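Colleague: Below is upload-v2.cif; it holds mmCIF, C-alpha atoms.
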```
data_input
loop_
_atom_site.label_atom_id
_atom_site.label_comp_id
_atom_site.auth_asym_id
_atom_site.auth_seq_id
_atom_site.Cartn_x
_atom_site.Cartn_y
_atom_site.Cartn_z
CA MET U 1288 115.34 190.10 117.86
CA ILE U 1289 115.80 193.86 117.58
CA ASP U 1290 117.63 195.16 114.51
CA LYS U 1291 120.83 196.88 115.70
CA SER U 1292 120.15 199.76 113.30
CA GLN U 1293 117.08 200.58 115.41
CA TYR U 1294 118.95 201.61 118.56
CA ILE U 1295 121.91 203.56 119.87
CA TYR U 1296 123.60 203.03 123.21
CA GLY U 1297 125.93 204.77 125.61
CA ILE U 1298 125.51 207.97 127.62
CA HIS U 1299 127.20 210.38 125.23
CA ALA U 1300 125.70 208.84 122.08
CA VAL U 1301 122.16 209.12 123.45
CA LEU U 1302 122.74 212.66 124.75
CA GLU U 1303 124.03 213.68 121.32
CA ALA U 1304 120.98 212.10 119.63
CA LEU U 1305 118.68 214.04 121.95
CA ASP U 1306 120.59 217.26 121.42
CA ALA U 1307 120.32 216.76 117.64
CA GLY U 1308 116.56 216.21 117.92
CA GLN U 1309 116.67 212.76 116.36
CA ASP U 1310 113.40 210.80 116.24
CA ILE U 1311 113.58 208.50 119.26
CA ASP U 1312 110.78 206.10 120.18
CA LYS U 1313 111.81 205.58 123.82
CA ILE U 1314 114.85 205.48 126.07
CA LEU U 1315 115.77 202.71 128.51
CA LEU U 1316 117.77 203.71 131.58
CA SER U 1317 119.25 201.17 133.95
CA LYS U 1318 117.97 201.46 137.51
CA THR U 1319 121.61 201.51 138.62
CA LEU U 1320 122.49 204.51 136.43
CA ASN U 1321 123.98 207.52 138.22
CA ALA U 1322 121.11 209.72 139.42
CA GLU U 1323 122.58 212.93 137.97
CA THR U 1324 123.06 211.35 134.54
CA ALA U 1325 119.60 209.77 134.61
CA GLN U 1326 118.05 213.14 135.47
CA LYS U 1327 119.91 214.94 132.69
CA ILE U 1328 118.77 212.43 130.07
CA SER U 1329 115.22 212.40 131.43
CA ASP U 1330 115.00 216.21 131.35
CA MET U 1331 116.17 216.39 127.75
CA ALA U 1332 113.86 213.56 126.74
CA ARG U 1333 110.87 215.25 128.39
CA GLN U 1334 111.43 218.41 126.36
CA LEU U 1335 111.26 216.30 123.18
CA ARG U 1336 108.30 214.23 124.47
CA VAL U 1337 110.37 211.05 124.39
CA PRO U 1338 109.24 208.48 127.01
CA VAL U 1339 111.88 207.18 129.42
CA GLN U 1340 111.72 203.84 131.23
CA ARG U 1341 113.84 202.77 134.22
CA VAL U 1342 114.60 199.08 133.79
CA PRO U 1343 116.87 196.39 135.25
CA VAL U 1344 120.25 196.44 133.53
CA GLN U 1345 119.60 192.86 132.40
CA LYS U 1346 116.90 194.11 130.04
CA ILE U 1347 119.41 196.32 128.23
CA ASP U 1348 121.96 193.48 128.29
CA ARG U 1349 119.48 191.31 126.38
CA ILE U 1350 119.40 193.91 123.60
CA THR U 1351 123.14 194.55 123.42
CA ARG U 1352 126.14 193.20 125.29
CA ARG U 1353 128.29 196.15 124.25
CA ASN U 1354 129.32 198.95 126.61
CA HIS U 1355 125.90 200.61 126.84
CA GLN U 1356 126.66 202.25 130.23
CA GLY U 1357 123.08 201.61 131.27
CA VAL U 1358 121.57 203.79 128.53
CA LEU U 1359 119.86 202.68 125.31
CA ALA U 1360 117.63 204.61 122.91
CA MET U 1361 115.15 202.88 120.59
CA MET U 1362 115.00 204.86 117.36
CA ALA U 1363 111.65 205.67 115.73
CA ALA U 1364 111.09 204.53 112.16
CA VAL U 1365 109.05 207.66 111.39
CA THR U 1366 108.89 211.31 112.37
CA TYR U 1367 106.19 211.86 114.97
CA TYR U 1368 103.67 214.69 114.77
CA HIS U 1369 101.45 216.26 117.43
CA VAL U 1370 97.71 216.87 117.31
CA GLU U 1371 98.06 220.47 118.51
CA ASP U 1372 100.20 221.26 115.45
CA LEU U 1373 98.41 219.14 112.86
CA VAL U 1374 94.77 220.14 113.53
CA PRO U 1375 95.16 223.86 112.74
CA GLN U 1376 97.27 223.02 109.68
CA LEU U 1377 94.48 220.82 108.27
CA PHE U 1378 91.82 223.48 108.85
CA ASP U 1379 94.05 226.21 107.39
CA LYS U 1380 94.42 224.14 104.21
CA GLY U 1381 90.66 223.75 103.96
CA GLU U 1382 90.71 220.01 104.56
CA ASN U 1383 88.04 217.95 106.33
CA PRO U 1384 90.05 216.31 109.17
CA PHE U 1385 89.74 212.56 109.63
CA PHE U 1386 91.71 211.05 112.52
CA VAL U 1387 91.96 207.50 113.82
CA VAL U 1388 92.83 207.23 117.52
CA LEU U 1389 94.24 203.94 118.84
CA ASP U 1390 93.71 203.64 122.59
CA GLY U 1391 95.78 200.79 124.04
CA VAL U 1392 96.49 198.90 120.81
CA THR U 1393 99.80 197.09 121.38
CA ASP U 1394 99.93 194.45 118.63
CA VAL U 1395 102.23 195.55 115.81
CA ARG U 1396 100.32 193.50 113.21
CA ASN U 1397 97.01 195.12 114.09
CA PHE U 1398 98.62 198.54 114.07
CA GLY U 1399 100.22 197.93 110.68
CA ALA U 1400 96.94 196.69 109.22
CA VAL U 1401 95.04 199.73 110.54
CA ALA U 1402 97.71 202.05 109.14
CA ARG U 1403 97.45 200.39 105.75
CA THR U 1404 93.69 200.95 105.69
CA CYS U 1405 94.11 204.53 106.88
CA ASP U 1406 96.46 205.36 104.04
CA CYS U 1407 94.09 203.83 101.47
CA ALA U 1408 91.19 205.85 102.94
CA SER U 1409 93.13 209.14 103.05
CA VAL U 1410 92.99 209.43 106.85
CA SER U 1411 94.68 212.62 108.06
CA ALA U 1412 96.68 210.90 110.83
CA ILE U 1413 96.77 208.11 113.37
CA VAL U 1414 96.96 209.18 117.02
CA ILE U 1415 98.59 206.95 119.65
CA PRO U 1416 99.70 207.39 123.30
CA ASP U 1417 103.39 207.17 124.14
CA ARG U 1418 102.78 204.45 126.76
CA GLU U 1419 100.93 201.15 126.67
CA SER U 1420 100.88 201.36 122.89
CA VAL U 1421 102.61 199.87 119.91
CA SER U 1422 105.90 201.44 118.82
CA VAL U 1423 106.31 202.68 115.28
CA ASN U 1424 109.36 200.61 114.47
CA ALA U 1425 110.65 198.92 111.32
CA ASP U 1426 108.35 195.92 111.92
CA ALA U 1427 105.31 198.21 112.05
CA VAL U 1428 106.35 199.94 108.83
CA LYS U 1429 106.81 196.56 107.13
CA THR U 1430 103.45 195.27 108.38
CA SER U 1431 101.76 198.42 107.08
CA ALA U 1432 103.15 197.62 103.59
CA GLY U 1433 105.00 200.94 103.75
CA ALA U 1434 101.89 203.02 104.53
CA LEU U 1435 103.58 204.48 107.62
CA ASN U 1436 106.12 206.15 105.34
CA TYR U 1437 103.30 208.42 104.17
CA LEU U 1438 100.72 208.48 106.96
CA PRO U 1439 101.34 210.98 109.79
CA VAL U 1440 101.46 209.46 113.28
CA CYS U 1441 100.78 211.70 116.27
CA ARG U 1442 102.31 210.33 119.48
CA GLU U 1443 100.87 212.00 122.56
CA SER U 1444 102.05 211.91 126.17
CA ASN U 1445 98.46 212.67 127.25
CA LEU U 1446 95.98 210.99 124.90
CA ALA U 1447 92.93 212.38 126.70
CA LYS U 1448 94.26 215.93 126.34
CA ALA U 1449 94.84 215.37 122.61
CA VAL U 1450 91.32 213.99 122.13
CA LYS U 1451 89.84 216.93 124.05
CA LEU U 1452 91.81 219.35 121.88
CA MET U 1453 90.35 217.74 118.78
CA ARG U 1454 86.82 217.93 120.18
CA ASP U 1455 87.28 221.57 121.22
CA SER U 1456 88.49 222.29 117.67
CA GLY U 1457 85.20 221.09 116.20
CA ILE U 1458 86.16 217.50 115.46
CA LYS U 1459 83.47 214.95 116.33
CA ILE U 1460 84.81 212.12 118.51
CA VAL U 1461 83.21 208.75 117.70
CA GLY U 1462 84.16 205.81 119.89
CA THR U 1463 83.57 202.11 119.25
CA ASP U 1464 81.84 200.18 122.03
CA ASP U 1465 80.19 196.77 121.84
CA LYS U 1466 77.87 197.69 124.73
CA THR U 1467 76.06 200.46 122.88
CA ARG U 1468 73.11 199.85 120.55
CA THR U 1469 73.87 202.60 118.05
CA ASN U 1470 74.77 201.05 114.70
CA TYR U 1471 77.92 202.59 113.22
CA THR U 1472 76.04 203.41 109.99
CA LYS U 1473 73.75 205.75 111.95
CA ALA U 1474 76.54 208.13 112.91
CA ASP U 1475 77.25 211.18 110.76
CA PHE U 1476 80.84 211.04 109.52
CA THR U 1477 80.63 213.72 106.85
CA GLY U 1478 82.19 216.47 108.97
CA PRO U 1479 85.53 216.59 110.82
CA VAL U 1480 85.78 213.33 112.75
CA ALA U 1481 88.07 211.19 114.90
CA ILE U 1482 87.35 207.46 115.20
CA VAL U 1483 88.54 205.93 118.48
CA LEU U 1484 89.44 202.23 118.50
CA GLY U 1485 90.28 200.48 121.76
CA SER U 1486 92.20 197.31 122.53
CA GLU U 1487 90.43 194.02 121.90
CA ASP U 1488 90.53 192.96 125.55
CA LYS U 1489 89.72 196.23 127.35
CA GLY U 1490 88.16 198.45 124.70
CA ILE U 1491 88.36 202.23 125.02
CA SER U 1492 89.60 203.49 128.39
CA PRO U 1493 86.94 205.17 130.59
CA GLU U 1494 88.72 208.54 130.44
CA ILE U 1495 88.66 208.58 126.64
CA LYS U 1496 85.13 207.19 126.47
CA LYS U 1497 83.85 210.18 128.47
CA LEU U 1498 85.24 212.49 125.79
CA CYS U 1499 83.40 210.76 122.94
CA ASP U 1500 80.48 212.66 121.39
CA THR U 1501 78.88 209.36 120.44
CA LEU U 1502 79.54 205.64 120.76
CA VAL U 1503 78.80 203.17 117.97
CA THR U 1504 78.91 199.43 117.51
CA ILE U 1505 79.32 196.99 114.62
CA PRO U 1506 76.58 194.31 114.64
CA GLU U 1507 77.87 190.77 115.24
CA PHE U 1508 75.79 187.66 114.64
CA GLY U 1509 78.23 184.78 115.04
CA HIS U 1510 79.51 182.79 117.98
CA ILE U 1511 82.65 184.90 118.59
CA ASN U 1512 81.78 188.22 120.20
CA SER U 1513 84.79 190.26 119.18
CA LEU U 1514 86.05 191.56 115.85
CA ASN U 1515 89.77 192.00 115.38
CA VAL U 1516 90.57 195.69 115.93
CA SER U 1517 92.07 196.08 112.47
CA VAL U 1518 88.95 194.56 110.87
CA ALA U 1519 86.62 196.71 112.98
CA GLY U 1520 88.70 199.74 112.11
CA GLY U 1521 88.53 198.95 108.40
CA ILE U 1522 84.75 198.66 108.49
CA ILE U 1523 84.21 202.01 110.20
CA ILE U 1524 86.95 203.83 108.31
CA TYR U 1525 85.32 202.92 105.01
CA GLU U 1526 81.91 203.92 106.32
CA VAL U 1527 83.43 207.40 106.67
CA VAL U 1528 84.65 207.18 103.08
CA ARG U 1529 81.23 205.97 101.86
CA GLN U 1530 79.35 208.80 103.56
CA ARG U 1531 81.74 211.45 102.35
CA LEU U 1532 81.57 210.21 98.76
CA ASN U 1533 77.76 210.16 98.94
CA ASP U 1534 77.98 213.72 100.27
CA ASN U 1535 79.90 214.57 97.08
CA GLN U 1536 83.09 215.22 99.00
CA GLU U 1537 86.38 214.65 97.24
CA VAL U 1538 88.54 212.00 98.92
CA GLU U 1539 92.15 212.65 97.95
#
```
Turn the structure described in the file into C-alpha cells.
Modeller:
Amino acid sequence: MIDKSQYIYGIHAVLEALDAGQDIDKILLSKTLNAETAQKISDMARQLRVPVQRVPVQKIDRITRRNHQGVLAMMAAVTYYHVEDLVPQLFDKGENPFFVVLDGVTDVRNFGAVARTCDCASVSAIVIPDRESVSVNADAVKTSAGALNYLPVCRESNLAKAVKLMRDSGIKIVGTDDKTRTNYTKADFTGPVAIVLGSEDKGISPEIKKLCDTLVTIPEFGHINSLNVSVAGGIIIYEVVRQRLNDNQEVE
C-alpha cells in the first residue's frame, strides 16, 4: 500500500506542485483525461524531467478513491541530480569521481542495499534511468538504512546519453558482464570511474554495453550462476576502494 503522504492528486494540486518545482517521481494521467489538460501537465513535467504515464483510470482509483480528476503525482523521497551538473562540480572540487550506474534495476530492496554500500564507500552518486527502474520512494530510503538521505541520485531521461557524457568527461566506464573473461580485479579503478550494474535477468542493455570502456566479471564456482546485483555491486565497489587506498588516495 502506498503511503498517502507520498502522493498528491487533482489537476490544480499537481499543476501547482509542478509550478513550484517540487520533487516529483512520476505523474499518472488517466487515459480519459481531457487532451488539453493532459498536454499542459505533460509539457510542464517534461521541462522538469518528470516522467508521465497514461494509465487506465482504475489504476489511479486503486491508489486513491478521492476526487483525483484523473491526475496523480508520486512524490520523490529525495532531490534528484543530473550527471551533466554533477560531473563538472566534482572535477572543479578536485575530487576523483566514482559513479554507480544501475541499468534496469527495479527491485527496491536491491536498490536500497546498493545505495547503502555506495554511501559506506563514498561513491559520488548513483545514476538511474527514469523508466524501467526503481523509484526513490520512502521504502527505498528505509531499505537503504537512510543512506539515500546523503547519497546523490541522478535520474536521467536518457541513460545512454548520461553515460556517454561521463565517458567524454574522462570517466572510465566499467560494465559487469558474466560472459566476459576479464576478472574484475584486473581493471584499473584508481582514476575517475563509473561502475555499471545491470538487472539480474537481462544484465546491461546492449546500448549501454557499447559505451563501456571495459567489461569485467566476478568469478563464480557454485551451482547457481548469478550473484544478486546488490552483492555483485558490493564486491566491485569495494574493489574500487581497495585499489584507491593502495594507491594512497584518501577516501572521504
Colleague: On this file, the PyMOL selection byres ((chain U and resi 1471) around 10) gives some set of residues; write that set as JSON, numbers by chain.
Modeller: {"U": [1461, 1462, 1463, 1464, 1468, 1469, 1470, 1472, 1473, 1474, 1475, 1476, 1501, 1502, 1503, 1504, 1505, 1506, 1522, 1523, 1526, 1527]}
Colleague: Name the residues that the PyMOL selection byres ((chain U and resi 1446-1457) around 8) picks from the file above, as JSON, numbers by chain, using the file's chain letters and numbers.
Modeller: {"U": [1370, 1371, 1374, 1415, 1416, 1443, 1444, 1445, 1458, 1459, 1460, 1479, 1481, 1494, 1495, 1498]}
Colleague: Could you state the separation of atom CA of U:Gln1309 and atom CA of U:Gly1485 in Å, given to one decimal place?
Modeller: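 That distance, rounded to one decimal, is 29.6 Å.
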Colleague: What is the atom CA of U:Ile1295-atom CA of U:Asp1390 distance in Å, reported with one decimal?
Modeller: 28.3 Å
Colleague: Which residues match the PyMOL selection byres ((chain U and resi 1359) around 6) in the file above, as a ChimeraX atom specification?
Modeller: /U:1295-1296,1314-1315,1358,1360
Colleague: I'd like to know which of U:Val1339, U:Leu1438, U:Val1392, U:Leu1302 is closest to U:Ile1491, using all atoms listed in the file.
Modeller: U:Val1392
Colleague: Would you mind telling me which residue in U:Asp1488, U:His1299, U:Ile1524, U:His1355 lies nearest to U:Phe1386 when using only C-alpha atoms?
Modeller: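 Of the candidates, the smallest distance to U:Phe1386 is held by U:Ile1524.
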Colleague: Counting only C-alpha atoms, figure out which residue out of U:Asp1306, U:Thr1477, U:Asp1312, U:Ile1511 gets nearest to U:Lys1327.
Modeller: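 With only C-alpha atoms as the atom set, the closest residue is U:Asp1306.
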Colleague: Check the smallest atom-to-atom distance from each of U:Ile1298, U:Thr1467, U:Ala1434, U:Arg1336 to U:Glu1323 using only C-alpha atoms, then report the winner.
Modeller: U:Ile1298
